[in-house]
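The structure file model03.csv is reproduced below (CSV, C-alpha atoms).
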chain,number,residue,atom,x,y,z
A,1,MET,CA,-12.5,13.7,47.1
A,2,THR,CA,-14.5,14.9,44.1
A,3,ASN,CA,-18.2,15.8,44.2
A,4,SER,CA,-20.7,17.3,41.8
A,5,HIS,CA,-20.1,20.8,43.1
A,6,THR,CA,-16.4,20.8,42.3
A,7,ASP,CA,-16.2,18.4,39.4
A,8,LYS,CA,-18.0,20.5,36.8
A,9,PHE,CA,-17.8,20.4,33.0
A,10,THR,CA,-18.3,23.2,30.4
A,11,ILE,CA,-20.4,23.3,27.3
A,12,ALA,CA,-20.3,26.5,25.3
A,13,ASP,CA,-18.9,28.6,28.2
A,14,SER,CA,-21.6,27.3,30.7
A,15,LYS,CA,-20.6,25.1,33.6
A,16,TYR,CA,-22.7,22.1,34.7
A,17,SER,CA,-22.6,19.9,37.8
A,18,SER,CA,-24.8,17.1,36.5
A,19,ARG,CA,-23.2,14.9,33.7
A,20,LEU,CA,-26.6,13.3,33.0
A,21,LEU,CA,-28.5,14.8,30.2
A,22,VAL,CA,-32.1,13.7,29.6
A,23,GLY,CA,-34.8,13.8,27.0
A,24,THR,CA,-38.6,14.3,27.2
A,25,GLY,CA,-40.1,11.8,24.9
A,26,LYS,CA,-41.9,8.4,25.4
A,27,TYR,CA,-43.3,9.2,28.9
A,28,LYS,CA,-46.9,8.2,29.7
A,29,ASN,CA,-47.9,11.7,30.7
A,30,SER,CA,-46.6,15.1,31.8
A,31,GLU,CA,-46.6,14.1,35.5
A,32,GLN,CA,-44.3,11.1,34.8
A,33,THR,CA,-42.1,13.3,32.7
A,34,LYS,CA,-41.7,15.9,35.4
A,35,SER,CA,-41.1,13.3,38.2
A,36,ALA,CA,-38.4,11.5,36.2
A,37,ILE,CA,-36.5,14.6,35.1
A,38,ASP,CA,-36.6,16.0,38.7
A,39,LYS,CA,-35.2,12.8,40.1
A,40,SER,CA,-32.5,12.5,37.5
A,41,GLY,CA,-30.9,15.7,38.7
A,42,ALA,CA,-30.2,16.7,35.1
A,43,GLU,CA,-29.5,20.3,34.2
A,44,ILE,CA,-29.7,20.0,30.4
A,45,VAL,CA,-33.0,18.7,28.9
A,46,THR,CA,-33.3,18.0,25.2
A,47,VAL,CA,-36.6,18.5,23.3
A,48,ALA,CA,-37.6,17.5,19.8
A,49,ILE,CA,-38.7,20.7,18.1
A,50,ARG,CA,-40.6,18.9,15.3
A,51,ARG,CA,-42.6,16.9,17.8
A,52,THR,CA,-43.0,19.1,20.9
A,53,ASN,CA,-45.0,22.2,21.6
A,54,LEU,CA,-42.9,25.0,23.0
A,55,GLY,CA,-45.4,27.6,22.4
A,56,GLN,CA,-46.0,27.4,18.7
A,57,LYS,CA,-49.4,25.9,19.3
A,58,LYS,CA,-51.1,28.3,21.6
A,59,ASN,CA,-54.1,26.0,22.6
A,60,GLU,CA,-52.0,22.9,23.5
A,61,PRO,CA,-50.0,22.1,26.6
A,62,ASN,CA,-46.6,23.8,26.6
A,63,LEU,CA,-43.6,21.5,27.6
A,64,LEU,CA,-41.9,24.6,29.0
A,65,ASP,CA,-44.4,24.5,31.9
A,66,ILE,CA,-42.9,21.2,33.0
A,67,ILE,CA,-39.2,22.1,32.3
A,68,PRO,CA,-39.0,25.8,32.8
A,69,PRO,CA,-36.0,27.5,31.1
A,70,ASP,CA,-35.1,29.3,34.4
A,71,LYS,CA,-34.4,25.9,36.0
A,72,TYR,CA,-33.1,23.9,33.1
A,73,THR,CA,-30.9,24.5,30.0
A,74,ILE,CA,-33.3,23.6,27.2
A,75,LEU,CA,-31.5,21.8,24.4
A,76,PRO,CA,-33.6,21.8,21.2
A,77,ASN,CA,-32.8,18.9,18.9
A,78,THR,CA,-33.5,18.1,15.3
A,79,ALA,CA,-34.9,14.6,15.7
A,80,GLY,CA,-36.9,13.5,12.7
A,81,CYS,CA,-34.7,15.4,10.2
A,82,TYR,CA,-33.3,13.5,7.3
A,83,ASP,CA,-31.4,16.2,5.4
A,84,ALA,CA,-29.3,19.2,6.3
A,85,ALA,CA,-31.8,21.8,5.1
A,86,SER,CA,-34.6,20.7,7.4
A,87,ALA,CA,-32.2,20.4,10.3
A,88,VAL,CA,-31.1,24.0,9.8
A,89,ARG,CA,-34.7,25.2,9.5
A,90,THR,CA,-35.6,23.4,12.7
A,91,CYS,CA,-32.8,25.0,14.6
A,92,GLN,CA,-33.8,28.4,13.3
A,93,LEU,CA,-37.4,27.8,14.5
A,94,ALA,CA,-36.1,26.8,17.9
A,95,ARG,CA,-34.1,30.0,18.2
A,96,GLU,CA,-37.2,32.0,17.4
A,97,LEU,CA,-39.4,30.1,19.9
A,98,LEU,CA,-36.8,30.4,22.6
A,99,ASN,CA,-36.0,34.0,22.3
A,100,GLY,CA,-32.6,33.8,20.6
A,101,HIS,CA,-31.4,30.5,22.3
A,102,ASP,CA,-28.4,29.3,20.3
A,103,LEU,CA,-27.4,26.0,21.9
A,104,VAL,CA,-28.8,23.1,19.8
A,105,LYS,CA,-28.4,19.4,19.4
A,106,LEU,CA,-27.9,18.5,15.8
A,107,GLU,CA,-29.0,15.1,14.5
A,108,VAL,CA,-29.5,14.3,10.8
A,109,LEU,CA,-30.7,10.7,10.3
A,110,ALA,CA,-30.0,8.4,7.4
A,111,ASP,CA,-33.0,6.1,7.5
A,112,GLU,CA,-36.0,5.2,9.7
A,113,LYS,CA,-34.9,1.6,10.4
A,114,THR,CA,-31.5,2.2,11.9
A,115,LEU,CA,-31.7,5.9,12.9
A,116,PHE,CA,-28.0,6.1,12.2
A,117,PRO,CA,-26.7,9.6,11.4
A,118,ASP,CA,-26.2,10.6,7.8
A,119,ILE,CA,-22.6,11.9,8.2
A,120,THR,CA,-22.5,13.8,5.0
A,121,GLN,CA,-25.6,15.7,5.8
A,122,THR,CA,-24.6,16.2,9.4
A,123,LEU,CA,-21.3,17.8,8.4
A,124,ASP,CA,-23.1,20.1,6.0
A,125,ALA,CA,-25.7,21.1,8.6
A,126,ALA,CA,-23.1,21.6,11.3
A,127,LYS,CA,-21.1,24.0,9.1
A,128,LYS,CA,-24.2,26.0,8.2
A,129,LEU,CA,-25.4,26.3,11.8
A,130,ILE,CA,-21.9,27.3,13.1
A,131,ASP,CA,-21.7,30.0,10.4
A,132,ASP,CA,-25.1,31.2,11.6
A,133,ASN,CA,-23.7,31.5,15.2
A,134,PHE,CA,-25.3,28.4,16.6
A,135,LYS,CA,-23.5,26.4,19.3
A,136,VAL,CA,-23.8,22.9,18.0
A,137,MET,CA,-23.8,19.7,20.0
A,138,VAL,CA,-23.7,17.0,17.4
A,139,TYR,CA,-25.0,13.4,17.3
A,140,THR,CA,-22.7,11.1,15.3
A,141,THR,CA,-21.4,7.6,14.8
A,142,ASP,CA,-18.6,6.2,17.0
A,143,ASP,CA,-16.0,6.9,14.2
A,144,PRO,CA,-13.0,8.7,15.8
A,145,ILE,CA,-12.1,10.4,12.5
A,146,ILE,CA,-15.6,11.9,12.0
A,147,ALA,CA,-15.8,12.9,15.7
A,148,LYS,CA,-12.5,14.8,15.3
A,149,ARG,CA,-13.7,16.4,12.1
A,150,LEU,CA,-16.9,17.7,13.8
A,151,GLU,CA,-14.8,19.2,16.6
A,152,GLU,CA,-12.5,20.9,14.1
A,153,ILE,CA,-15.3,22.6,12.3
A,154,GLY,CA,-16.5,24.1,15.6
A,155,CYS,CA,-19.0,21.9,17.3
A,156,VAL,CA,-19.1,22.6,21.1
A,157,ALA,CA,-19.7,18.9,22.0
A,158,VAL,CA,-19.5,15.7,20.1
A,159,MET,CA,-22.1,13.0,20.9
A,160,PRO,CA,-21.2,9.5,19.5
A,161,LEU,CA,-23.8,6.8,19.8
A,162,ALA,CA,-23.2,3.8,22.0
A,163,ALA,CA,-25.7,1.7,20.0
A,164,PRO,CA,-28.7,2.5,17.8
A,165,ILE,CA,-31.2,5.0,19.3
A,166,GLY,CA,-33.7,3.3,21.6
A,167,SER,CA,-32.0,-0.1,21.4
A,168,GLY,CA,-30.8,-0.3,25.0
A,169,LEU,CA,-27.9,-2.4,23.8
A,170,GLY,CA,-25.2,-0.5,25.7
A,171,ILE,CA,-21.8,0.5,24.5
A,172,GLN,CA,-21.0,-1.8,21.5
A,173,ASN,CA,-17.6,-0.4,20.7
A,174,PRO,CA,-15.8,0.8,23.9
A,175,TYR,CA,-12.5,1.0,22.0
A,176,ASN,CA,-13.8,3.6,19.6
A,177,ILE,CA,-15.4,5.6,22.4
A,178,ARG,CA,-12.2,5.7,24.3
A,179,THR,CA,-10.3,6.7,21.2
A,180,ILE,CA,-12.7,9.6,20.6
A,181,VAL,CA,-12.3,10.7,24.2
A,182,GLU,CA,-8.5,10.6,24.2
A,183,ASN,CA,-8.3,12.7,21.1
A,184,ALA,CA,-11.0,15.3,21.9
A,185,SER,CA,-10.7,18.9,23.1
A,186,VAL,CA,-14.4,19.4,23.5
A,187,PRO,CA,-16.9,17.4,25.7
A,188,ILE,CA,-17.7,13.9,24.6
A,189,ILE,CA,-21.2,12.8,25.5
A,190,VAL,CA,-22.5,9.3,24.8
A,191,ASP,CA,-25.9,9.7,23.0
A,192,ALA,CA,-28.2,6.8,22.2
A,193,GLY,CA,-28.1,3.1,23.1
A,194,VAL,CA,-27.9,3.2,26.9
A,195,GLY,CA,-30.3,0.7,28.5
A,196,THR,CA,-29.5,0.5,32.2
A,197,ALA,CA,-27.4,2.0,34.9
A,198,SER,CA,-24.3,-0.2,34.2
A,199,ASP,CA,-24.2,1.1,30.6
A,200,ALA,CA,-24.1,4.7,31.8
A,201,SER,CA,-21.4,3.9,34.3
A,202,ILE,CA,-19.2,2.2,31.7
A,203,ALA,CA,-19.5,5.3,29.5
A,204,MET,CA,-18.2,7.4,32.3
A,205,GLU,CA,-15.5,4.9,33.2
A,206,LEU,CA,-14.2,5.3,29.6
A,207,GLY,CA,-13.7,9.0,30.3
A,208,CYS,CA,-16.8,10.5,28.6
A,209,ASP,CA,-17.9,13.8,30.0
A,210,GLY,CA,-21.5,12.9,30.2
A,211,VAL,CA,-24.4,10.7,28.9
A,212,LEU,CA,-27.6,11.7,27.2
A,213,MET,CA,-30.5,9.3,27.5
A,214,ASN,CA,-34.3,9.2,27.1
A,215,THR,CA,-35.7,5.7,26.3
A,216,ALA,CA,-33.7,3.9,29.1
A,217,ILE,CA,-35.5,6.0,31.6
A,218,ALA,CA,-38.9,6.6,29.9
A,219,GLU,CA,-39.5,2.9,29.0
A,220,ALA,CA,-38.4,1.5,32.4
A,221,LYS,CA,-41.2,0.0,34.5
A,222,ASN,CA,-40.5,2.7,37.0
A,223,PRO,CA,-39.1,5.7,35.2
A,224,THR,CA,-38.6,7.8,38.3
A,225,LEU,CA,-36.6,5.1,40.0
A,226,MET,CA,-34.6,4.5,36.9
A,227,ALA,CA,-33.8,8.2,36.7
A,228,SER,CA,-32.4,8.0,40.2
A,229,ALA,CA,-30.4,4.9,39.3
A,230,MET,CA,-28.9,6.7,36.3
A,231,LYS,CA,-27.9,9.7,38.3
A,232,LYS,CA,-26.0,7.5,40.8
A,233,ALA,CA,-24.4,5.4,37.9
A,234,ILE,CA,-23.1,8.5,36.3
A,235,GLN,CA,-21.6,9.7,39.5
A,236,ALA,CA,-20.1,6.3,40.3
A,237,GLY,CA,-18.6,5.9,36.8
A,238,ARG,CA,-17.1,9.4,36.9
A,239,GLU,CA,-15.5,8.7,40.3
A,240,ALA,CA,-14.1,5.4,39.1
A,241,TYR,CA,-12.6,7.1,36.1
A,242,LEU,CA,-10.9,9.8,38.2
A,243,ALA,CA,-9.7,7.2,40.7
A,244,GLY,CA,-8.0,5.1,38.1
A,245,ARG,CA,-8.8,1.4,38.0
A,246,MET,CA,-6.4,-1.3,38.9
A,247,PRO,CA,-4.5,-3.0,36.0
A,248,LYS,CA,-6.0,-6.2,34.6
A,249,ARG,CA,-3.8,-9.3,35.1
A,250,ALA,CA,-3.7,-12.7,33.5
A,251,TYR,CA,-3.2,-14.4,36.8
A,252,ALA,CA,-4.2,-14.1,40.5
A,253,SER,CA,-2.6,-11.6,42.8
A,254,ALA,CA,-3.0,-12.1,46.5
A,255,SER,CA,-5.0,-9.5,48.3
A,256,SER,CA,-2.8,-9.8,51.4
A,257,PRO,CA,1.0,-9.4,50.9
A,258,ILE,CA,3.2,-12.3,52.0
A,259,ASP,CA,6.2,-10.1,52.9
A,260,GLY,CA,6.7,-9.8,56.7
A,261,ARG,CA,4.3,-12.6,57.6
A,262,PHE,CA,4.5,-14.0,61.1
A,263,PHE,CA,4.5,-17.7,60.2
Have the structure of the file written as structure tokens, please.
Amino acid sequence: MTNSHTDKFTIADSKYSSRLLVGTGKYKNSEQTKSAIDKSGAEIVTVAIRRTNLGQKKNEPNLLDIIPPDKYTILPNTAGCYDAASAVRTCQLARELLNGHDLVKLEVLADEKTLFPDITQTLDAAKKLIDDNFKVMVYTTDDPIIAKRLEEIGCVAVMPLAAPIGSGLGIQNPYNIRTIVENASVPIIVDAGVGTASDASIAMELGCDGVLMNTAIAEAKNPTLMASAMKKAIQAGREAYLAGRMPKRAYASASSPIDGRFF
């Protein structure tokens, strides 16, 4: 029987028990943020450097008081960046603010309406960051070819979207996600589009190593309760994947065998 203590996964030489990664945006207040993150059981928490105070504004509340680095792995992200140059600068700022921290989540967006990644700019930024000794977890489309290319240039995790950021539509192309997983040698973490617990479970049943989410928890009517549901969904989906589902059949198959029946 597997459990979170034995079924760990590795990102950039660090092992994690929780396969649920969470964000910090869209909550009503800091108390709600802390409550939901605590209940999620997440060990990796992502923060938008361009929108969050991590100490650069001395007279404003510091998010690190809610998610202390001695308890969580802080994952700075480049949300709001629309070109490679600004994404690279944002990661460099994060490294300075976090005392040399080199694990980052790269996202370079193409436009404000879809928030789809700009793949050309993403590839450019990833190469520059890796050359600068950053460990890059990268947000991308669900294109298996691009996912493999990002792995090949040195990204430590590839994070294909399930659906547009904040849409809650769930996994729109499970075939592509499964193909990415089957051809990957680094962790594959679904990022964006999850809306409810069943979406997270499906991602894990497809073989993904984890799921990153923010809006699905923060915009729930009860974020703390949804965080708890997501934690359980991730665990259930992972166990189902490891167990191996029964084959799908075109016709019925009796639950009780007829061989050796008494009458």
Of A:Thr78, A:Ser14, A:Thr114, A:Ser30, the one sitting nearest A:Pro61 when using all atoms listed in the file is A:Ser30
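Nearest to A:Thr24 of all the residues A:Met137, A:Leu212, A:Ile119, A:Met204 is A:Leu212, counting only C-alpha atoms.
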_Option closest in space to A:Lys127, from A:Leu97, A:Leu150, A:Met213, A:Leu109 [counting all atoms listed in the file]_ =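 Looking at the shortest contact to A:Lys127, the residue is A:Leu150.
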Counting only C-alpha atoms, closest pick from A:Asp209, A:Asp13, A:Glu43, A:Asp111 relative to A:Asp70 is A:Glu43
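One distance worth recording is that between atom CA of A:Leu75 and atom CA of A:Gly166, which is 18.8 Å.
Considering the residues A:Thr52, A:Ser253, A:Thr140, A:Thr224 and counting all atoms listed in the file, A:Asp38 has its shortest atom-to-atom contact with A:Thr224.
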Pick from A:Asn214, A:Phe9, A:Ile49, A:Ile188 nearest to A:Ala87, counting only C-alpha atoms
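Going through A:Asn214, A:Phe9, A:Ile49, A:Ile188 one by one, the smallest distance to A:Ala87 is for A:Ile49.
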message: Just want the 8 Å neighbourhood of stretch 98-105 of chain A, counted on only C-alpha atoms, with same-chain residues fewer than 2 positions away dropped. Output as a ChimeraX atom specification.
response: /A:12,46,75-78,91,94-96,107,133-139
Next on the checklist: Can you measure atom CA of A:Thr141 to atom CA of A:Tyr82 for me? One decimal in Å is fine.
Outcome noted: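 Between atom CA of A:Thr141 and atom CA of A:Tyr82 the gap is 15.3 Å.
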Item to complete: Skip A:Lys231 itself and residues of its chain fewer than 6 positions away, then list as a VMD selection string all residues within 12 Å of it, counting all atoms listed in the file.
Response: chain A and resid 4 17 to 22 36 to 43 196 to 198 200 to 201 204 210 to 213 217 224 to 225 237 to 238
Preceding selection exported with C-alpha atoms as an mmCIF file, keeping the file's coordinate frame:
data_model
loop_
_atom_site.group_PDB
_atom_site.id
_atom_site.type_symbol
_atom_site.label_atom_id
_atom_site.label_comp_id
_atom_site.auth_asym_id
_atom_site.auth_seq_id
_atom_site.Cartn_x
_atom_site.Cartn_y
_atom_site.Cartn_z
ATOM 1 C CA SER A 4 -20.700 17.300 41.800
ATOM 2 C CA SER A 17 -22.600 19.900 37.800
ATOM 3 C CA SER A 18 -24.800 17.100 36.500
ATOM 4 C CA ARG A 19 -23.200 14.900 33.700
ATOM 5 C CA LEU A 20 -26.600 13.300 33.000
ATOM 6 C CA LEU A 21 -28.500 14.800 30.200
ATOM 7 C CA VAL A 22 -32.100 13.700 29.600
ATOM 8 C CA ALA A 36 -38.400 11.500 36.200
ATOM 9 C CA ILE A 37 -36.500 14.600 35.100
ATOM 10 C CA ASP A 38 -36.600 16.000 38.700
ATOM 11 C CA LYS A 39 -35.200 12.800 40.100
ATOM 12 C CA SER A 40 -32.500 12.500 37.500
ATOM 13 C CA GLY A 41 -30.900 15.700 38.700
ATOM 14 C CA ALA A 42 -30.200 16.700 35.100
ATOM 15 C CA GLU A 43 -29.500 20.300 34.200
ATOM 16 C CA THR A 196 -29.500 0.500 32.200
ATOM 17 C CA ALA A 197 -27.400 2.000 34.900
ATOM 18 C CA SER A 198 -24.300 -0.200 34.200
ATOM 19 C CA ALA A 200 -24.100 4.700 31.800
ATOM 20 C CA SER A 201 -21.400 3.900 34.300
ATOM 21 C CA MET A 204 -18.200 7.400 32.300
ATOM 22 C CA GLY A 210 -21.500 12.900 30.200
ATOM 23 C CA VAL A 211 -24.400 10.700 28.900
ATOM 24 C CA LEU A 212 -27.600 11.700 27.200
ATOM 25 C CA MET A 213 -30.500 9.300 27.500
ATOM 26 C CA ILE A 217 -35.500 6.000 31.600
ATOM 27 C CA THR A 224 -38.600 7.800 38.300
ATOM 28 C CA LEU A 225 -36.600 5.100 40.000
ATOM 29 C CA GLY A 237 -18.600 5.900 36.800
ATOM 30 C CA ARG A 238 -17.100 9.400 36.900
#
Do you have the atom CA of A:Ser255-atom CA of A:Glu239 distance handy?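 Separation of atom CA of A:Ser255 and atom CA of A:Glu239: 22.5 Å.
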- Query: Which neighbours of stretch 167-179 of chain A fall inside 10 Å, counting all atoms listed in the file, when residues of the same chain fewer than 2 positions from it are skipped, and could you give them as a ChimeraX atom specification?
  - Reply: /A:114,141-145,147,160-165,181-184,188-190,192-200,202-203,205-208,213,215-216
